[in-house]
Amino acid sequence: MNKSAKEAFVTGHTGSTVFEILLVCISAPVGLFCYLEISHYLQEKKNVNSISIAVALESLTILLPMAINQTIYLHPVGITVMIAMFTIASILCWRRRNRIEKYSELKFTEIVKETKNDLDFLTYYRSTVSYLTFVAILAVDFPIFPRSFAKTEVAGYGLMDIGAGSFALSGGFVSWYARRSMTKKEAERPKLQTEMKRFRKVIMRSIPLIIMGFLRLLTTKGLDYQEHVSEYGVHWNFFFTLTATGLLSTFFRGILGFRSPAVWITLGILYQTYLTFYGGQDYIENAPRYCENHNDSALAMKALIICNLFAANREGILGSIGYLIFHLIGEDIGHYCLWSCNGNVSQTSISKSVQGRRLFSLTIFAWIVHYTLISTLDIYTSRRSTNSSFIAWTISHNLTILSLTWLSFGLGTKKEKIKTDKNPPLFAAVNRHGLLVFILANLMTGAVNLTVDTINSSDSKSVFIIFCYLCAVGAVALFLDKVLDKKSTKGKPVKKE
């Protein structure tokens, strides 16, 4: 199948519904709930203590439903599977919580590492964003992937629309600004020298993203690989957006010292004003990819080059404003809902209660804001411009998944106090090596597209390939985890008990 046919296959779509996209993604917290409860049951009855069993269980209860839900089998197979898993998990949970004799401690201790905080649900959520993206970037090239889930061309709700925004938002949840401590020195702005040092570190960490951005650009053009131009533009891509978001957020928070929510509120209002009242939305959607020039002077030619580059990549460049807002909002949400109320082991129940109340309250508020923007202010959701209603929808969606993940961990853990919850091994590994696994997943996606006639694949073959691909990504993550962990501990003295 030629390039133009594959490009047409992923272009010109109008999207799905908010509820259907939630149904797809809810497979992650439901699968987690089922995984935790079956893990408890196996530990109690069979004394299972094997990482291979855990990985197999994780693949069947989380990865497989996640793959099925992003296909035409969502209705009714995917929904039926989720209902069945939730029912089984609820029965096991009720049985476990009401039995007289308590469980012994879970023995999956060697599967994932202990953490010092009580935010394992955040680890799982961040990995969920990655795995859902892994499925979508490959499945979209198969006919089994509903076209309503693909990126929307102008307006609407597409499953693939929320991927980049989810990454920017979840990055904000764990940024240095979100995790800052609550002390009296909090109100004092650190010295500029300290902030410059932090900014230089961010620049160094951005170098791999910049390299990957240019490599993707060169390979896409060199291999004549299919591309969706209205996604980010002619030359821009997701890696450049992540780079711009990281650098700009640190510049705003650190160098300029803008540490109030007023910064992203003001930025959002100004950007939406430009889109609505100054032709920004129309420019992004309908303007040509080049600029006209009637002057042959050297200065005019240089200006023309800049103008052409901007016009060719306007979605990516202007959209970075929206993704910056995502990151800034994520930092404030993370600090308020996650880190500032994250207590020690003796305060676990209190901390979890505060986290839950704040997460669910903010989720409801975010949905109210979204529906106010689209119904009262008539601002339709546009991923191409990352306008205010798109930002509000993406935040509402992600907070819903994060809140349900928090609830799944709360239901799926024992009543007695424990130091940490246990994340599924594949998800824990992906979270620890997110960028590297993401890069490798993109390379694997490209390899599948170059070797398989995806458009003409049968439904059964498509599901099989997608599921095997997901398992392969997880296996790569576990391999990296094992290799890099050995390297990080090599040469260090072993602590005696």
# chains A, B, ... in the order shown; residues from 1 in each chain; ligands from 1
>>> closest_atom_pairs(of="region 367-455 of chain A", to="region 198-212 of chain A", cutoff="10 Å", atoms="only C-alpha atoms", output="JSON lines")
{"residue": "A:Leu435", "atom": "CA", "partner": "A:Leu209", "partner_atom": "CA", "distance": 8.7}
{"residue": "A:Leu436", "atom": "CA", "partner": "A:Pro208", "partner_atom": "CA", "distance": 9.7}
{"residue": "A:Ile439", "atom": "CA", "partner": "A:Met212", "partner_atom": "CA", "distance": 8.0}
>>> write_last_selection(atoms="C-alpha atoms", output="mmCIF file, in the first residue's frame")
data_model
loop_
_atom_site.group_PDB
_atom_site.id
_atom_site.type_symbol
_atom_site.label_atom_id
_atom_site.label_comp_id
_atom_site.auth_asym_id
_atom_site.auth_seq_id
_atom_site.Cartn_x
_atom_site.Cartn_y
_atom_site.Cartn_z
ATOM 1 C CA LEU A 435 11.402 8.051 27.458
ATOM 2 C CA LEU A 436 13.605 5.172 26.330
ATOM 3 C CA ILE A 439 11.391 5.761 21.669
#
>>> select_by_dssp(residues="region 292-449 of chain A", states="helix (DSSP H, G or I)", output="PyMOL selection string")
chain A and resi 298-312+314-339+345-375+388-411+425-432+434-449
>>> closest_residue(among="A:Ala447, A:Ala428, A:Leu328, A:Ala56", to="Ala477 (chain A)", atoms="only C-alpha atoms")
A:Ala428
>>> closest_atom_pairs(of="region 287-370 of chain A", to="region 163-174 of chain A", cutoff="6 Å", atoms="only C-alpha atoms", output="Markdown table")
| residue | atom | partner | partner_atom | distance |
| --- | --- | --- | --- | --- |
| A:Phe326 | CA | A:Leu169 | CA | 5.1 |
| A:His327 | CA | A:Gly172 | CA | 4.6 |
| A:Gly330 | CA | A:Gly172 | CA | 4.3 |
| A:Glu331 | CA | A:Gly172 | CA | 4.3 |
| A:Gly334 | CA | A:Phe173 | CA | 4.3 |
>>> write_last_selection(atoms="N, CA and C atoms", output="compact mmCIF listing (two decimals), in the first residue's frame")
# COMPACT_ATOMS: atom_id res chain seq x y z
N PHE A 326 -0.89 23.03 29.66
CA PHE A 326 -1.10 21.70 30.23
C PHE A 326 -0.09 21.42 31.34
N HIS A 327 1.18 21.65 31.04
CA HIS A 327 2.24 21.34 31.99
C HIS A 327 2.14 22.19 33.24
N GLY A 330 -0.73 21.03 35.26
CA GLY A 330 -0.38 19.76 35.86
C GLY A 330 0.49 19.93 37.10
N GLU A 331 1.39 20.91 37.06
CA GLU A 331 2.24 21.17 38.22
C GLU A 331 1.43 21.61 39.43
N GLY A 334 -0.75 18.65 40.58
CA GLY A 334 0.09 17.67 41.25
C GLY A 334 0.48 18.10 42.64
>>> closest_residue(among="A:Gly257, A:Gly322, A:Pro425, A:Gly15", to="Tyr271 (chain A)", atoms="only C-alpha atoms")
A:Gly322
>>> closest_residue(among="A:Thr266, A:Ser59, A:Gln272, A:Thr245", to="Ile317 (chain A)", atoms="only C-alpha atoms")
A:Thr245
>>> decode(residues="region 353-382 of chain A", atoms="N, CA and C atoms", output="mmCIF file, in the first residue's frame")
data_model
loop_
_atom_site.group_PDB
_atom_site.id
_atom_site.type_symbol
_atom_site.label_atom_id
_atom_site.label_comp_id
_atom_site.auth_asym_id
_atom_site.auth_seq_id
_atom_site.Cartn_x
_atom_site.Cartn_y
_atom_site.Cartn_z
ATOM 1 N N SER A 353 -7.150 9.835 52.105
ATOM 2 C CA SER A 353 -8.461 10.462 52.173
ATOM 3 C C SER A 353 -8.430 11.863 51.570
ATOM 4 N N VAL A 354 -7.403 12.621 51.914
ATOM 5 C CA VAL A 354 -7.261 13.979 51.376
ATOM 6 C C VAL A 354 -7.029 13.929 49.871
ATOM 7 N N GLN A 355 -6.165 13.034 49.436
ATOM 8 C CA GLN A 355 -5.900 12.891 48.007
ATOM 9 C C GLN A 355 -7.181 12.579 47.247
ATOM 10 N N GLY A 356 -7.946 11.625 47.761
ATOM 11 C CA GLY A 356 -9.178 11.220 47.099
ATOM 12 C C GLY A 356 -10.174 12.350 46.990
ATOM 13 N N ARG A 357 -10.401 13.066 48.089
ATOM 14 C CA ARG A 357 -11.366 14.172 48.078
ATOM 15 C C ARG A 357 -10.951 15.254 47.081
ATOM 16 N N ARG A 358 -9.675 15.590 47.095
ATOM 17 C CA ARG A 358 -9.201 16.643 46.195
ATOM 18 C C ARG A 358 -9.265 16.203 44.738
ATOM 19 N N LEU A 359 -8.886 14.958 44.475
ATOM 20 C CA LEU A 359 -8.903 14.471 43.094
ATOM 21 C C LEU A 359 -10.318 14.443 42.529
ATOM 22 N N PHE A 360 -11.253 13.863 43.262
ATOM 23 C CA PHE A 360 -12.620 13.752 42.755
ATOM 24 C C PHE A 360 -13.307 15.112 42.678
ATOM 25 N N SER A 361 -13.030 15.989 43.623
ATOM 26 C CA SER A 361 -13.626 17.332 43.581
ATOM 27 C C SER A 361 -13.116 18.112 42.384
ATOM 28 N N LEU A 362 -11.816 18.034 42.152
ATOM 29 C CA LEU A 362 -11.227 18.755 41.026
ATOM 30 C C LEU A 362 -11.678 18.154 39.696
ATOM 31 N N THR A 363 -11.893 16.851 39.658
ATOM 32 C CA THR A 363 -12.388 16.197 38.443
ATOM 33 C C THR A 363 -13.762 16.731 38.073
ATOM 34 N N ILE A 364 -14.642 16.809 39.047
ATOM 35 C CA ILE A 364 -15.993 17.344 38.802
ATOM 36 C C ILE A 364 -15.913 18.790 38.333
ATOM 37 N N PHE A 365 -15.068 19.579 38.988
ATOM 38 C CA PHE A 365 -14.916 20.989 38.613
ATOM 39 C C PHE A 365 -14.404 21.121 37.180
ATOM 40 N N ALA A 366 -13.441 20.265 36.792
ATOM 41 C CA ALA A 366 -12.867 20.333 35.445
ATOM 42 C C ALA A 366 -13.921 20.021 34.384
ATOM 43 N N TRP A 367 -14.789 19.024 34.653
ATOM 44 C CA TRP A 367 -15.842 18.713 33.695
ATOM 45 C C TRP A 367 -16.836 19.869 33.575
ATOM 46 N N ILE A 368 -17.123 20.526 34.689
ATOM 47 C CA ILE A 368 -18.034 21.688 34.652
ATOM 48 C C ILE A 368 -17.434 22.794 33.795
ATOM 49 N N VAL A 369 -16.133 23.041 33.973
ATOM 50 C CA VAL A 369 -15.454 24.072 33.172
ATOM 51 C C VAL A 369 -15.514 23.715 31.692
ATOM 52 N N HIS A 370 -15.269 22.459 31.366
ATOM 53 C CA HIS A 370 -15.281 22.042 29.959
ATOM 54 C C HIS A 370 -16.638 22.269 29.320
ATOM 55 N N TYR A 371 -17.703 21.809 29.981
ATOM 56 C CA TYR A 371 -19.031 21.946 29.395
ATOM 57 C C TYR A 371 -19.502 23.402 29.391
ATOM 58 N N THR A 372 -18.981 24.218 30.288
ATOM 59 C CA THR A 372 -19.281 25.650 30.244
ATOM 60 C C THR A 372 -18.649 26.289 29.006
ATOM 61 N N LEU A 373 -17.433 25.901 28.704
ATOM 62 C CA LEU A 373 -16.737 26.456 27.545
ATOM 63 C C LEU A 373 -17.416 26.090 26.228
ATOM 64 N N ILE A 374 -17.882 24.835 26.115
ATOM 65 C CA ILE A 374 -18.457 24.426 24.833
ATOM 66 C C ILE A 374 -19.939 24.794 24.703
ATOM 67 N N SER A 375 -20.651 24.878 25.816
ATOM 68 C CA SER A 375 -22.089 25.149 25.739
ATOM 69 C C SER A 375 -22.425 26.622 25.910
ATOM 70 N N THR A 376 -21.763 27.279 26.845
ATOM 71 C CA THR A 376 -22.057 28.690 27.115
ATOM 72 C C THR A 376 -21.231 29.628 26.239
ATOM 73 N N LEU A 377 -19.936 29.372 26.140
ATOM 74 C CA LEU A 377 -19.047 30.241 25.355
ATOM 75 C C LEU A 377 -18.901 29.773 23.913
ATOM 76 N N ASP A 378 -19.456 28.607 23.596
ATOM 77 C CA ASP A 378 -19.462 28.088 22.224
ATOM 78 C C ASP A 378 -18.061 27.949 21.641
ATOM 79 N N ILE A 379 -17.133 27.448 22.436
ATOM 80 C CA ILE A 379 -15.761 27.207 21.981
ATOM 81 C C ILE A 379 -15.625 25.702 21.728
ATOM 82 N N TYR A 380 -15.654 25.310 20.479
ATOM 83 C CA TYR A 380 -15.591 23.880 20.173
ATOM 84 C C TYR A 380 -14.194 23.331 20.440
ATOM 85 N N THR A 381 -14.141 22.046 20.718
ATOM 86 C CA THR A 381 -12.887 21.396 21.081
ATOM 87 C C THR A 381 -12.014 21.193 19.851
ATOM 88 N N SER A 382 -10.803 21.740 19.884
ATOM 89 C CA SER A 382 -9.896 21.657 18.737
ATOM 90 C C SER A 382 -8.504 21.230 19.196
#
